[in-house]
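Taking it in order: structure first as structure tokens, then the write-up.
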There are 2 protein chains.
Amino acid sequence: MMNFESQFSANAKNMKQSVIRELLKLTVRPEIISFAGGLPAPETFPVEDLRAAANTVFDKHSAKAMQYGTTEGDNDLKDEIIKFETRQGVKLESQNLLVVSASQQALDMVAKIFLDPGDYVIAGRPTYVGAIQAIVSYSAKVLGIPFTPEQDGFDMDALVTKYDRAIAGGKKVKYIYVIPDFQNPAGFCWSLAKRQALLEFAYRRDLIIIEDSPYREIRFIGEHIPSIYLLDQNGQNRGIVVNLKTFSKILIPGARVGWIMAHEKLIAKFVIAKQAMDLCTNVFTQKWLAEYMKTGKLYDVIKSTCDNYREKRNHMVNALEKYMPKRWEIKWTKPEGGLFLWLSLPKFINTDDLIYKAVEEEKVAFVVGSAFYFDEPERNAMRLNFSFSSIDLIDEGIKRLARIITRELEAYEAGHRAKTAPEGV
Amino acid sequence: MMNFESQFSANAKNMKQSVIRELLKLTVRPEIISFAGGLPAPETFPVEDLRAAANTVFDKHSAKAMQYGTTEGDNDLKDEIIKFETRQGVKLESQNLLVVSASQQALDMVAKIFLDPGDYVIAGRPTYVGAIQAIVSYSAKVLGIPFTPEQDGFDMDALVTKYDRAIAGGKKVKYIYVIPDFQNPAGFCWSLAKRQALLEFAYRRDLIIIEDSPYREIRFIGEHIPSIYLLDQNGQNRGIVVNLKTFSKILIPGARVGWIMAHEKLIAKFVIAKQAMDLCTNVFTQKWLAEYMKTGKLYDVIKSTCDNYREKRNHMVNALEKYMPKRWEIKWTKPEGGLFLWLSLPKFINTDDLIYKAVEEEKVAFVVGSAFYFDEPERNAMRLNFSFSSIDLIDEGIKRLARIITRELEAYEAGHRAKTAPEGV
């Protein structure tokens, strides 16, 4: 029997099984109400319109859609994406656009292009676990930056201090990774001022910003704030922002198609990398999405998805207010978009342990907060998804979650009273 | 303006624009007969049956097909692949099977999992350029092994000598990469004896074999020879062979779906890697291919594809016999399967130069042989694709190619006569 382990690369040895994946296995039992996954609501998928678009591909483009395509992406789809972005005020030309096999491929590609072993990426504490995995898979590391108490972006003082200390310590920082719109996992949305401050910081230090925007269009409360990509474009236009977008949250994730907007020199390098990674993105699906976008109905789907998620988010926030024990440390974000909120608990509750009790005793699941940290994880928080479950299940699930947390508090306080009670009483 | 180059990883600096891609740009003009691409014949695509299968997905699996899927692959598709492989005599269970975003992703994944910078991979001279690109994109190298004059596999003496010398020189060899069935670019098919000899070699040296089999089912002459994967399974069953398969050549490339068969410990590692690479393969397409496979019609498509390619291959071989100048150094392979043959020319003809003349003067294109070498390229050969062009164009294209080669020979001989002519005559 060969010892496969001994043959693995250093990168492979760094790769770890995702905690989320392991947890999700616990939560597939039908009796469990799961707020763990990051799944869009299936009722938002425009099945019949997508069927019509697929049949148009069979009618009009069958030979092309079934053949190899170019690495850069299908021109019909690129044209539609350009229209879509232009409507949002982005100036976009073909050479600044690369179609990818959804955002995770973009994260892999960015890591591959920029990171040598031991390099650092600046990212939030907490941040998207798939971004951490991509970084770690090239033996690179994360310099974690806390968010402000106002949840409007990085604590910029902490950013400057940590960056300067890292550079003084000989560390190589290659790029900044942020999700300014309704961040995964916490649902934070960066203010305009913080976006501008980050861009200024990047300009001064000659750093690239990777702006991951899977939820950008899924804003269900308030007004859109310009992306950092757009701020650069309308400002000094240095081309240092790479913007990652995807159809996964605005239409369907099963298509596995996204796009990168970036300086043409970076796109050219990404194309060379992508060639060795998968030659090209699924050609049939690109034609299919292009035909669907031509109908103009994507805008309606985005609108009704926002309506759907606003209602679900409101129900979850209301249920939290109604059922959660009243205690200052127990609080949650109230996101204006996206799929997730972030529930913080007292320090003495470790959600890495709580998850097992929640699943066993109350049949409710979440993602443990610690999964979203590269190092020194906070263990007293959890990510809750509100997009997937029905409103009834949201209410029932939060009720269950509140019960288990209440029991944890009672147990802690009973123990605390016992410990602090005067001896002999 | 940021100096992006200075930010790139060492891996990125090693990545080179593919020569083939650059050449293909020359060949898209409609007046050019191109034998350059590696495209399957579009007339083999079963458009209406695929349309029916896609509509079945919309009828029966729409919510699932449009949602995120598991990294391992869709179970319906895995079941169909298991039936397909079982029919070929392979024992295959779910834990030995991973669905990938076509073979190029598998090549990237294998390189990522095994290769540290400076490591070596054993591969043929010549070999598939996409495999070389994947290896180079992790800053690893190729130890090139010549084929026998009989074209039945590696020159095993050269393999042993080169391997022993490499190991003695402190080089780390991580795996052997081979395409035993109708190799790209040359169309070679490994004999049973050579497959067994390679497996024995790998057993003795504790090496993994990556057996890339995109053309395995596209055998249009002669009998199937067991894959090295099957030889291991029916022999010592050490699980050291990783077999890469794809729908690209047996059905359609535009689906970008393939599969890996390997020891379950390797599959487990590939799954972790794939998660960070693209989360999962296009879910809709997996369901679509599963529905198509359930009809049983894939076997008919493979048969008619073989019939189609046999006829085209015969026409190309006949045209070469008819039109090529008669000279011992001018020879070509006569493949029993696959999409390509390999034309060798006298040493004094450099196909890196010839391609420009061929395109400009005769409007015919091929891929230069040098593209298929990691180092010390042979420059007097070319790859010819026979699957894509119609029979008429094959005849006309070979005629044009023969003309330009004839002119090269005449020019060389005129120069040679001039040089060797007695002075003063």
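Each chain in the structure tokens gets a letter, A, B and so on, in the order shown; residues start at 1 in every chain, and ligands are counted from 1 in the order they appear.
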
Exercise. Lys245 (chain A): which residues within 8 Å, counting only C-alpha atoms, same-chain residues fewer than 3 positions away excluded, as an NGL selection string?
Worked result: :A and (102-103 or 212-214 or 258-260)

Taking C-alpha atoms for each residue, export the selection above as a PDB file, in the first residue's frame.
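Listing of result-v1.pdb after writing:
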```pdb
ATOM      1  CA  ALA A 102     -18.170  30.970 -10.647  1.00  0.00           C
ATOM      2  CA  SER A 103     -16.474  33.048  -7.953  1.00  0.00           C
ATOM      3  CA  ASP A 212     -15.802  40.013  -3.915  1.00  0.00           C
ATOM      4  CA  SER A 213     -19.388  41.052  -4.714  1.00  0.00           C
ATOM      5  CA  PRO A 214     -21.620  37.986  -4.915  1.00  0.00           C
ATOM      6  CA  GLY A 258     -19.328  34.211 -12.685  1.00  0.00           C
ATOM      7  CA  TRP A 259     -17.146  36.993 -14.020  1.00  0.00           C
ATOM      8  CA  ILE A 260     -14.063  39.001 -13.149  1.00  0.00           C
TER       9      ILE A 260
END
```

Exercise. Got a sec to tell me which of region 49-213 of chain B DSSP assigns to alpha helix (DSSP H), as a VMD selection string?
Worked result: chain B and resid 49 to 60 62 to 66 75 to 87 102 to 114 129 to 136 156 to 168 192 to 205

For this session: Give me every strand (DSSP E or B) residue in region 63-140 of chain A, going by DSSP on the backbone, as a list in words.
Result: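 Selecting the strand (DSSP E or B) positions of region 63-140 of chain A gives Leu97, Leu98, Val99, Val100, Tyr120, Val121, Ile122, Ala123, Gly124 and Arg125 of chain A.
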
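Restricting the calculation to only C-alpha atoms, the smallest distance between chain A and any of B:Leu231, B:Lys162, B:Asp278, B:Lys64 is found for B:Asp278.
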